[in-house]
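Down below is the structure, laid out as structure tokens.
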Amino acid sequence: MSDKELIDNFVKQYHALKNEMGKVIVGQDKAVDSLLLSIFTGGHCLLVGVPGLAKTLMVNTLSKALGLSFSRIQFTPDLMPSDITGSEILDENRRFQFVKGPIFANIVLADEINRTPPKTQAALLEAMQEKSVTVSGKSYPLVAPFFVLATQNPIEQEGTYPLPEAQLDRFMLNIRMDYPSFDEEIDIVKGTTANHDPKVEIILSADDILRYQDVIRRIPVPDNVCRYAVRLTSSTRPTLSNNALKNGQQASLASKYLSWGAGPRASQYLVMGAKTHAAMQGKYSPDIEDVQSVAVEVLRHRIVRNYYAEAEGITTEEIVHQLLSVNE
């Protein structure tokens with residue numbers, strides 16, 4: 001099957017997958033699209049939203065529709081790294097045997113990831129980047145495909161530990177989930193207070209996901225799209241010399257509101273996200289609009305506001321939107 005035929009088939013499967021998830025998830029179309037985009041790109045994502053917005057249900061439903069193994073880790077202050085990765089125990093023959101932890105699944109839901117100390121948060125770093133874990137000097141590969149989908153409550157900050165920038169950078173997308181509309185909430189209430197348990201069918205297999213990830217990587221990217229993605233990422237860096245940017249407006253915006261900008265991984269994810277976004281729309285090559293479609297979710301957790309931005313109440317989303325407008 002040619003790459004063109006694979007992409008055409010991918011579009012059909014993508015819509016079938018969305019319809020299957022729609023049996024359980026009401027609304028949240030943008031969040032579902034972003035979640036699927038990260039899956040088919042091969043990236044991890046962070047879902048941010050107040051309690052009760054079906055973040056956990058969305059991830060669980062997705063794992064069922066994809067036919068993937070699923071594990072949920074409830075992050076708490078007393079969680080230890082070995083509770084995630086697993087540990088060695090002494091068996092009946094007095095030999096050490098490795099018992100795998102919940103990280104050994106296709107989809108790992110890190111629920112309320114900011115409720116555990118940095119030492120335990122760091123246990124995810126190797127798994128997210130290298131797709132393996134090391135215990136007692138021995139490396140254990142994780143199953144493929146492998147995704148960490150983490151949730152975070154943006155309101156309650158007492159007893160939480162902010163994620164370090166190194167770990168935030170491992171997440172391809174930062175997905176913000178909002179309240180449902182009035183009509184959507186009526187549908188949610190009707191569906192969840194009646195004796196109705198929709199059955200989620202398996203739409204794709206692990207092999208299908210890996211095949212689509214592979215063809216998306218082979219999608220060609222025009223030079224102007226690649227240059228645009230790198231220029232957009234570069235415009236978030238306040239310390240970059242003005243000569244490297246197209247105009248002084250970009251440099252002054254980053255210098256005025258940002259302490260740190262996004263690194264090269266952001267440019268990589270902008271291009272990969274644009275490829276997947278284009279494929280989801282049935283296109284065989286991404287354009288600048290595809291980069292713009294994923295820019296906010298790729299960049300907003302990779303830039304650090306300075307005192308002036310915080311004092312003026314300017315959010316990272318607003319800064320990214322301003323950078324998009326000056327890069328047009």
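Residues are named by chain letter and number: chains run A, B, ... in the order of the structure tokens, numbers start at 1 in each chain, and ligands are numbered from 1 in the order shown.
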Can you tell me which residues surround range 29-38 of chain A at a distance of at most 8 Å, considering only C-alpha atoms, apart from same-chain residues fewer than 4 positions away, and format the answer as a list of chain:residue names?
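In the requested form, the answer reads A:Lys18, A:Gly42, A:Gly43, A:His44, A:Cys45, A:Met58, A:Met172, A:Leu173, A:Ile175, A:Arg176, A:Met177, A:Gly273, A:Thr276, A:His277.
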Do you know which residues are at most 7 Å from Ile203 in chain A counting only C-alpha atoms, after dropping those on the same chain fewer than 2 positions away, and could you put them as a list of chain:residue names?
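So the residues in contact are A:Leu17, A:Ala65, A:Leu66, A:Glu201.
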Among A:Ile39, A:Ala279, A:Val326, A:Ile25, Ala54 in chain A is approached most closely, using only C-alpha atoms, by A:Ile25
Shortest contact to Glu165 in chain A, candidates A:Pro102, A:Gly191, A:Pro220, A:Gly261, atoms counted only C-alpha atoms, goes to A:Gly261
ask   = Which residues in range 10-215 of chain A does DSSP call alpha helix (DSSP H)? List them as a PyMOL selection string.
value = chain A and resi 10-21+29-41+55-66+82-85+118-121+123-130+165-168+182-192+206-215
Practice task
Name all residues at most 8 Å from range 85-91 of chain A (count only C-alpha atoms; drop same-chain ones fewer than 2 positions away) and give them as a list in words.
Solution key: Pro81, Ser82, Asp83, Asn93, Arg94, Arg95, Phe96, Gln97, Phe98, Val99, Lys100, Gly101, Pro102, Ile103, Phe104, Ala123, Val133 and Val135 of chain A
Margin query: Give me, as a VMD selection string, the residues of range 69-282 of chain A that a backbone DSSP run labels strand (DSSP E).
Written below: chain A and resid 70 to 74 86 to 90 96 to 100 107 to 111 132 to 135 138 to 141 147 to 152 171 to 176 258 to 260
Excluding Thr120 in chain A and any residue of its chain fewer than 4 positions from it, enumerate the residues within 8 Å of it, using only C-alpha atoms, and give them as a ChimeraX atom specification.
/A:79-81,116,124
From the list A:Leu109, A:Met128, A:Val298, A:Ile84, the nearest residue to Ala166 in chain A using only C-alpha atoms is A:Met128
Pick out the residues sitting within 12 Å of Pro51 in chain A, and hand them over as number ranges by chain; count only C-alpha atoms, and ignore anything fewer than 6 positions along from it in its own chain. A: 57, 111-112, 151-156, 177-179
- Of the residues A:Val230, A:Ile107, A:Leu204, A:Ile319, which is the one nearest to Ala144 in chain A, using only C-alpha atoms?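 Among the listed residues, A:Ile107 lies closest to Ala144 in chain A.
In this comparison, which uses only C-alpha atoms, the residue of A:Lys119, A:Ile186, A:Ile219, A:Pro145 approaching Asp78 in chain A most closely is A:Lys119.
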Residues within 9 Å of His321 in chain A, please, as a list in words. Count only C-alpha atoms; anything in the same chain fewer than 5 positions from it doesn't count.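 The filter keeps Ala295, Val296, Thr316 and Val326 of chain A.
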Pick out the residues sitting within 12 Å of Leu258 in chain A, and hand them over as a short mmCIF file (atom, residue, chain, number, x, y, z; two decimals) with C-alpha atoms, in the first residue's frame; count only C-alpha atoms, and ignore anything fewer than 4 positions along from it in its own chain.
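Writing done, so here's part34.cif:
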```cif
data_model
loop_
_atom_site.label_atom_id
_atom_site.label_comp_id
_atom_site.auth_asym_id
_atom_site.auth_seq_id
_atom_site.Cartn_x
_atom_site.Cartn_y
_atom_site.Cartn_z
CA SER A 235 10.93 34.29 18.49
CA THR A 236 10.19 33.01 22.02
CA ARG A 237 13.83 33.39 23.10
CA PRO A 238 14.52 36.75 24.77
CA THR A 239 18.30 36.31 24.73
CA LEU A 240 18.53 35.66 21.01
CA GLN A 250 9.44 39.81 17.76
CA ALA A 251 12.57 40.38 19.78
CA SER A 252 11.00 43.10 21.92
CA LEU A 253 7.93 40.96 22.65
CA ALA A 254 10.02 38.05 23.98
CA ALA A 262 11.38 27.23 23.91
CA ARG A 300 2.66 27.42 26.05
CA ARG A 302 7.80 25.70 27.14
CA ILE A 303 8.00 29.45 27.72
CA VAL A 304 8.52 31.08 31.11
CA ARG A 305 6.95 34.45 31.84
CA ASN A 306 8.93 37.15 33.59
CA TYR A 307 7.79 39.52 36.34
CA TYR A 308 6.28 42.04 33.93
CA ALA A 309 4.04 39.48 32.24
CA GLU A 310 2.84 38.15 35.60
CA ILE A 314 -0.59 38.20 30.51
CA THR A 315 -0.85 34.45 30.03
CA THR A 316 1.48 32.24 28.03
CA ILE A 319 2.02 35.63 24.34
CA VAL A 320 1.99 32.73 21.84
CA LEU A 323 4.00 35.82 18.45
#
```
